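J.: I am sharing model_31.txt, which consists of compact mmCIF, C-alpha atoms:
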# COMPACT_ATOMS: atom_id res chain seq x y z
CA MET D 1 132.98 -49.52 -95.67
CA ARG D 2 136.38 -48.56 -94.26
CA SER D 3 136.45 -45.33 -96.30
CA LEU D 4 132.98 -44.44 -95.03
CA PHE D 5 134.12 -44.98 -91.42
CA ILE D 6 137.21 -42.80 -91.93
CA LEU D 7 135.12 -40.06 -93.56
CA GLY D 8 132.61 -40.15 -90.68
CA ALA D 9 135.40 -39.95 -88.11
CA MET D 10 136.95 -36.96 -89.89
CA ILE D 11 133.61 -35.13 -90.02
CA ALA D 12 133.02 -35.83 -86.31
CA MET D 13 136.45 -34.42 -85.42
CA LEU D 14 135.92 -31.29 -87.53
CA ALA D 15 132.43 -30.71 -86.16
CA ALA D 16 133.43 -31.12 -82.52
CA THR D 17 133.59 -27.98 -80.43
CA THR D 18 136.02 -27.44 -77.61
CA LEU D 19 135.69 -30.28 -75.13
CA PHE D 20 136.43 -29.77 -71.46
CA ALA D 21 137.41 -33.25 -70.32
CA GLN D 22 140.05 -31.83 -68.00
CA ASP D 23 138.91 -28.25 -67.65
CA ASP D 24 139.78 -25.88 -64.84
CA TYR D 25 142.69 -27.91 -63.52
CA GLU D 26 144.08 -26.07 -60.55
CA PRO D 27 146.28 -28.17 -58.28
CA GLY D 28 145.64 -27.47 -54.68
CA PRO D 29 145.94 -29.31 -51.40
CA ASP D 30 143.01 -31.57 -52.32
CA ASN D 31 144.00 -32.65 -55.84
CA LYS D 32 147.62 -33.73 -55.73
CA LEU D 33 146.74 -37.19 -57.04
CA ASN D 34 145.95 -37.98 -60.67
CA SER D 35 144.73 -41.09 -62.43
CA ASN D 36 143.64 -42.28 -65.84
CA LEU D 37 141.82 -45.31 -67.19
CA GLY D 38 141.36 -46.24 -70.80
CA PHE D 39 139.99 -49.06 -72.90
CA ALA D 40 142.12 -49.65 -75.98
CA MET D 41 141.21 -50.84 -79.44
CA SER D 42 144.44 -51.38 -81.38
CA SER D 43 144.83 -51.45 -85.13
CA PRO D 44 148.30 -52.64 -86.09
CA VAL D 45 150.21 -51.05 -88.98
CA ASN D 46 152.87 -52.60 -91.19
CA PRO D 47 154.86 -54.73 -90.65
CA MET D 48 152.76 -56.03 -87.70
CA ALA D 49 149.52 -55.84 -89.74
CA ARG D 50 150.73 -58.85 -91.72
CA VAL D 51 150.68 -61.09 -88.64
CA THR D 52 148.01 -59.69 -86.31
CA HIS D 53 144.42 -58.39 -86.44
CA PHE D 54 142.72 -55.76 -84.32
CA GLY D 55 143.33 -56.08 -80.61
CA TRP D 56 141.87 -54.79 -77.39
CA GLY D 57 143.05 -54.02 -73.89
CA PHE D 58 143.23 -51.42 -71.14
CA THR D 59 145.54 -48.85 -69.63
CA TYR D 60 145.54 -47.58 -66.05
CA GLY D 61 147.78 -44.96 -64.55
CA ALA D 62 148.09 -43.10 -61.28
CA GLY D 63 150.47 -40.48 -60.06
CA TYR D 64 151.29 -37.45 -58.00
CA ASN D 65 151.13 -33.80 -59.12
CA LEU D 66 154.27 -32.12 -57.81
CA SER D 67 153.02 -28.72 -59.00
CA ARG D 68 150.78 -27.21 -61.67
CA HIS D 69 153.25 -28.20 -64.41
CA HIS D 70 155.09 -31.26 -63.06
CA SER D 71 153.75 -34.78 -62.38
CA LEU D 72 155.08 -38.29 -61.77
CA ILE D 73 152.90 -41.08 -63.19
CA GLY D 74 153.05 -44.88 -63.16
CA GLU D 75 151.06 -46.84 -65.76
CA VAL D 76 150.17 -50.43 -66.51
CA MET D 77 149.00 -51.40 -69.99
CA TRP D 78 147.68 -54.74 -71.25
CA ASN D 79 146.72 -55.56 -74.83
CA ARG D 80 145.42 -58.79 -76.40
CA LEU D 81 146.34 -59.44 -80.06
CA TYR D 82 145.05 -62.12 -82.43
CA PRO D 83 147.14 -63.65 -85.24
CA THR D 84 146.13 -63.60 -88.89
CA THR D 85 145.46 -66.78 -90.86
CA GLN D 86 148.68 -66.17 -92.81
CA ALA D 87 150.69 -66.03 -89.58
CA LEU D 88 149.22 -69.33 -88.36
CA ALA D 89 149.52 -71.12 -91.73
CA PRO D 90 153.12 -72.40 -91.30
CA ILE D 91 152.33 -73.73 -87.81
CA ARG D 92 149.14 -75.42 -89.01
CA VAL D 93 151.05 -77.06 -91.88
CA ALA D 94 153.91 -78.20 -89.62
CA LEU D 95 151.48 -79.73 -87.10
CA ASN D 96 149.10 -80.94 -89.84
CA ASP D 97 146.17 -79.50 -87.88
CA ARG D 98 143.88 -76.73 -89.21
CA SER D 99 142.23 -76.16 -85.83
CA ILE D 100 145.31 -74.48 -84.30
CA ASP D 101 144.55 -70.94 -83.13
CA GLY D 102 146.31 -68.50 -80.82
CA HIS D 103 146.64 -65.10 -79.23
CA GLY D 104 149.29 -62.83 -77.82
CA ASN D 105 149.47 -60.57 -74.79
CA LEU D 106 151.49 -57.41 -74.40
CA LEU D 107 152.01 -56.07 -70.87
CA GLY D 108 153.75 -52.80 -70.13
CA LEU D 109 154.74 -51.15 -66.85
CA THR D 110 156.06 -47.61 -67.11
CA GLY D 111 157.15 -44.73 -64.92
CA ASN D 112 156.77 -41.28 -66.47
CA TYR D 113 157.46 -37.62 -65.83
CA ARG D 114 154.91 -35.20 -67.35
CA LEU D 115 155.48 -31.52 -68.07
CA GLN D 116 152.10 -29.84 -68.64
CA PHE D 117 151.00 -26.41 -69.84
CA GLN D 118 147.26 -25.73 -69.55
CA GLY D 119 145.51 -22.69 -71.01
CA LYS D 120 141.84 -21.69 -70.95
CA VAL D 121 140.98 -23.52 -74.19
CA MET D 122 144.01 -25.58 -75.16
CA GLY D 123 147.01 -27.11 -73.51
CA ALA D 124 150.04 -29.24 -74.22
CA TYR D 125 152.03 -31.80 -72.33
CA PHE D 126 155.28 -33.70 -72.78
CA VAL D 127 155.94 -37.14 -71.33
CA VAL D 128 159.27 -38.88 -70.81
CA GLY D 129 159.79 -42.14 -68.98
CA ALA D 130 161.02 -45.69 -68.95
CA GLY D 131 159.37 -49.02 -68.60
CA MET D 132 159.34 -52.75 -69.00
CA TYR D 133 157.40 -54.56 -71.70
CA TYR D 134 156.59 -58.25 -71.66
CA ARG D 135 155.08 -60.11 -74.60
CA ASP D 136 153.91 -63.70 -74.79
CA ALA D 137 152.06 -65.81 -77.33
CA SER D 138 150.17 -69.04 -77.01
CA LEU D 139 148.59 -71.58 -79.31
CA SER D 140 145.36 -73.43 -78.68
CA LYS D 141 143.42 -76.20 -80.30
What is this file in C-alpha cells?
T.:
Amino acid sequence: MRSLFILGAMIAMLAATTLFAQDDYEPGPDNKLNSNLGFAMSSPVNPMARVTHFGWGFTYGAGYNLSRHHSLIGEVMWNRLYPTTQALAPIRVALNDRSIDGHGNLLGLTGNYRLQFQGKVMGAYFVVGAGMYYRDASLSK
C-alpha cells in the first residue's frame, strides 16, 4: 500500500504543469506585508521513527517585504507527535499498567530573513534565521 501511494505521488508530481500559487509577485505600496499558513502532516525518519508515529500540526508566519528580493518573516510552528508502542513499553512495564498512553508537542518560534528571486515560470529563495524550540511530553491513562 505504501509503495502504491509513493508511486501515485510521483506520477502526480511528474504530470503537474506549472502552478502559479504565487504568480506575478510585484511588491508595491499595497503589498508590503506577507503571510503564510500551513497544515502539517509529519512523518518522522530514523532515529525518531523508532519512538514516534505520524504527527500533525500547523505553521503560521507573517512578515514585511523590504523590497522585491528581501523580506523579514516571523513564524510560529506547532506539531503534535504520538509515541510508538515500543517507546511506551518500558514505562508501561515500570508502572505495571498497559493503559498508559501519551503524546508530545513541539513548538517553534522563529525570525527569518528571506532572499527571493522570482522569474516568470520559476523562482528560488534562501532563508536564514534563528528561533526557539520547546518540546514537552505527557503521559495519560
J.: What's the 9 Å shell around Leu107 (chain D), counting only C-alpha atoms, without same-chain residues fewer than 4 positions away, as a ChimeraX atom specification?
T.: /D:76-79,132-136
J.: If the box runs along x, y and z of the file and leaves 4 Å on each side of region 79-90 of chain D, what are its centre and edge lengths in Å, one decimal, as AutoDock Vina command-line options?
T.:
--center_x 149.1 --center_y -64.0 --center_z -83.8 --size_x 16.1 --size_y 24.8 --size_z 26.0
J.: With distances taken over all atoms listed in the file, which of D:Gly108, D:Ser43, D:Arg114, D:Thr52 is nearest to Leu81 (chain D)?
T.: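 Under the stated criterion, the closest residue is D:Thr52.
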J.: Find the distance between CA of Met122 (chain D) and CA of Ser35 (chain D) and write it in Å to one decimal.
T.: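 Computing it gives 20.1 Å between the two atoms.
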J.: As an exercise, work out the distance from CA of Gly38 (chain D) to CA of Tyr60 (chain D) in Å and give it to one decimal place.
T.: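 CA of Tyr60 (chain D) lies at a distance of 6.5 Å from CA of Gly38 (chain D).
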J.: Name the closest residue to Val51 (chain D) among the candidates D:Gly119, D:Gly8, D:Gly131, D:Pro83; distances are taken between atoms, counting all atoms listed in the file.
T.: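 Looking at the shortest contact to Val51 (chain D), the residue is D:Pro83.
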J.: Can you work out the spacing between CA of Gly111 (chain D) and CA of Gly129 (chain D) in Å, to one decimal?
T.: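 Computed distance, CA of Gly111 (chain D) to CA of Gly129 (chain D), equals 5.5 Å.
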J.: From the options D:Arg2, D:Lys141, D:Lys32, D:His103, which residue's atoms come nearest to His70 (chain D), counting only C-alpha atoms?
T.: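 That would be D:Lys32, the residue with the smallest distance to His70 (chain D).
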J.: Write out as a PyMOL selection string which residues come within 8 Å of Met41 (chain D) when counting only C-alpha atoms, dropping same-chain ones fewer than 4 positions away.
T.: chain D and resi 54-57
J.: List as a list of chain:residue names the protein and nucleic acid residues near Asn65 (chain D), meaning an atom at most 9 Å away when only C-alpha atoms are counted, but skip any in the same chain fewer than 5 places from it.
T.: D:Pro27, D:Asn31, D:Lys32, D:Leu33, D:Asn34, D:His70, D:Ser71, D:Leu72, D:Ile73
J.: Write to file, as a compact mmCIF listing (two decimals), in the coordinates of the input, the residues of the selection just made, with C-alpha atoms.
T.:
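Written file, again_13.txt:
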# COMPACT_ATOMS: atom_id res chain seq x y z
CA PRO D 27 146.28 -28.17 -58.28
CA ASN D 31 144.00 -32.65 -55.84
CA LYS D 32 147.62 -33.73 -55.73
CA LEU D 33 146.74 -37.19 -57.04
CA ASN D 34 145.95 -37.98 -60.67
CA HIS D 70 155.09 -31.26 -63.06
CA SER D 71 153.75 -34.78 -62.38
CA LEU D 72 155.08 -38.29 -61.77
CA ILE D 73 152.90 -41.08 -63.19
J.: Smallest atom-to-atom distance to Gly102 (chain D): which of D:Thr85, D:Thr59, D:Ser67, D:Ser3, using all atoms listed in the file?
T.: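 Of D:Thr85, D:Thr59, D:Ser67, D:Ser3, the one nearest Gly102 (chain D) is D:Thr85, counting all atoms listed in the file.
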J.: Between D:Leu4, D:Phe117, D:Ala9, D:Gly123, which has the minimum distance to Arg68 (chain D) (counting only C-alpha atoms)?
T.: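 Smallest separation from Arg68 (chain D) among the options: D:Phe117.
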J.: Could you add N, CA and C atoms to region 67-86 of chain D and give me the result as an mmCIF file, in the frame of the given file?
T.:
data_model
loop_
_atom_site.group_PDB
_atom_site.id
_atom_site.type_symbol
_atom_site.label_atom_id
_atom_site.label_comp_id
_atom_site.auth_asym_id
_atom_site.auth_seq_id
_atom_site.Cartn_x
_atom_site.Cartn_y
_atom_site.Cartn_z
ATOM 1 N N SER D 67 153.445 -30.115 -58.896
ATOM 2 C CA SER D 67 153.020 -28.720 -59.000
ATOM 3 C C SER D 67 152.053 -28.630 -60.178
ATOM 4 N N ARG D 68 151.717 -27.411 -60.552
ATOM 5 C CA ARG D 68 150.780 -27.210 -61.670
ATOM 6 C C ARG D 68 151.338 -27.787 -62.973
ATOM 7 N N HIS D 69 152.639 -27.782 -63.147
ATOM 8 C CA HIS D 69 153.250 -28.200 -64.410
ATOM 9 C C HIS D 69 153.969 -29.547 -64.348
ATOM 10 N N HIS D 70 154.254 -30.069 -63.182
ATOM 11 C CA HIS D 70 155.090 -31.260 -63.060
ATOM 12 C C HIS D 70 154.344 -32.395 -62.355
ATOM 13 N N SER D 71 154.412 -33.601 -62.962
ATOM 14 C CA SER D 71 153.750 -34.780 -62.380
ATOM 15 C C SER D 71 154.618 -36.015 -62.574
ATOM 16 N N LEU D 72 154.476 -36.954 -61.654
ATOM 17 C CA LEU D 72 155.080 -38.290 -61.770
ATOM 18 C C LEU D 72 153.927 -39.284 -61.894
ATOM 19 N N ILE D 73 154.009 -40.182 -62.888
ATOM 20 C CA ILE D 73 152.900 -41.080 -63.190
ATOM 21 C C ILE D 73 153.423 -42.493 -63.438
ATOM 22 N N GLY D 74 152.772 -43.480 -62.860
ATOM 23 C CA GLY D 74 153.050 -44.880 -63.160
ATOM 24 C C GLY D 74 151.864 -45.449 -63.935
ATOM 25 N N GLU D 75 152.138 -46.282 -64.939
ATOM 26 C CA GLU D 75 151.060 -46.840 -65.760
ATOM 27 C C GLU D 75 151.272 -48.331 -65.986
ATOM 28 N N VAL D 76 150.159 -49.031 -66.099
ATOM 29 C CA VAL D 76 150.170 -50.430 -66.510
ATOM 30 C C VAL D 76 149.275 -50.515 -67.749
ATOM 31 N N MET D 77 149.739 -51.250 -68.750
ATOM 32 C CA MET D 77 149.000 -51.400 -69.990
ATOM 33 C C MET D 77 148.971 -52.885 -70.355
ATOM 34 N N TRP D 78 147.821 -53.368 -70.774
ATOM 35 C CA TRP D 78 147.680 -54.740 -71.250
ATOM 36 C C TRP D 78 146.921 -54.715 -72.565
ATOM 37 N N ASN D 79 147.377 -55.494 -73.533
ATOM 38 C CA ASN D 79 146.720 -55.560 -74.830
ATOM 39 C C ASN D 79 146.708 -56.995 -75.327
ATOM 40 N N ARG D 80 145.580 -57.440 -75.842
ATOM 41 C CA ARG D 80 145.420 -58.790 -76.400
ATOM 42 C C ARG D 80 145.407 -58.665 -77.917
ATOM 43 N N LEU D 81 146.242 -59.453 -78.597
ATOM 44 C CA LEU D 81 146.340 -59.440 -80.060
ATOM 45 C C LEU D 81 146.015 -60.829 -80.602
ATOM 46 N N TYR D 82 145.432 -60.854 -81.803
ATOM 47 C CA TYR D 82 145.050 -62.120 -82.430
ATOM 48 C C TYR D 82 145.785 -62.280 -83.762
ATOM 49 N N PRO D 83 146.362 -63.453 -84.016
ATOM 50 C CA PRO D 83 147.140 -63.650 -85.240
ATOM 51 C C PRO D 83 146.249 -63.781 -86.478
ATOM 52 N N THR D 84 146.817 -63.427 -87.623
ATOM 53 C CA THR D 84 146.130 -63.600 -88.890
ATOM 54 C C THR D 84 146.236 -65.060 -89.337
ATOM 55 N N THR D 85 145.411 -65.428 -90.289
ATOM 56 C CA THR D 85 145.460 -66.780 -90.860
ATOM 57 C C THR D 85 146.812 -67.033 -91.505
ATOM 58 N N GLN D 86 147.371 -66.024 -92.169
ATOM 59 C CA GLN D 86 148.680 -66.170 -92.810
ATOM 60 C C GLN D 86 149.786 -66.423 -91.783
#
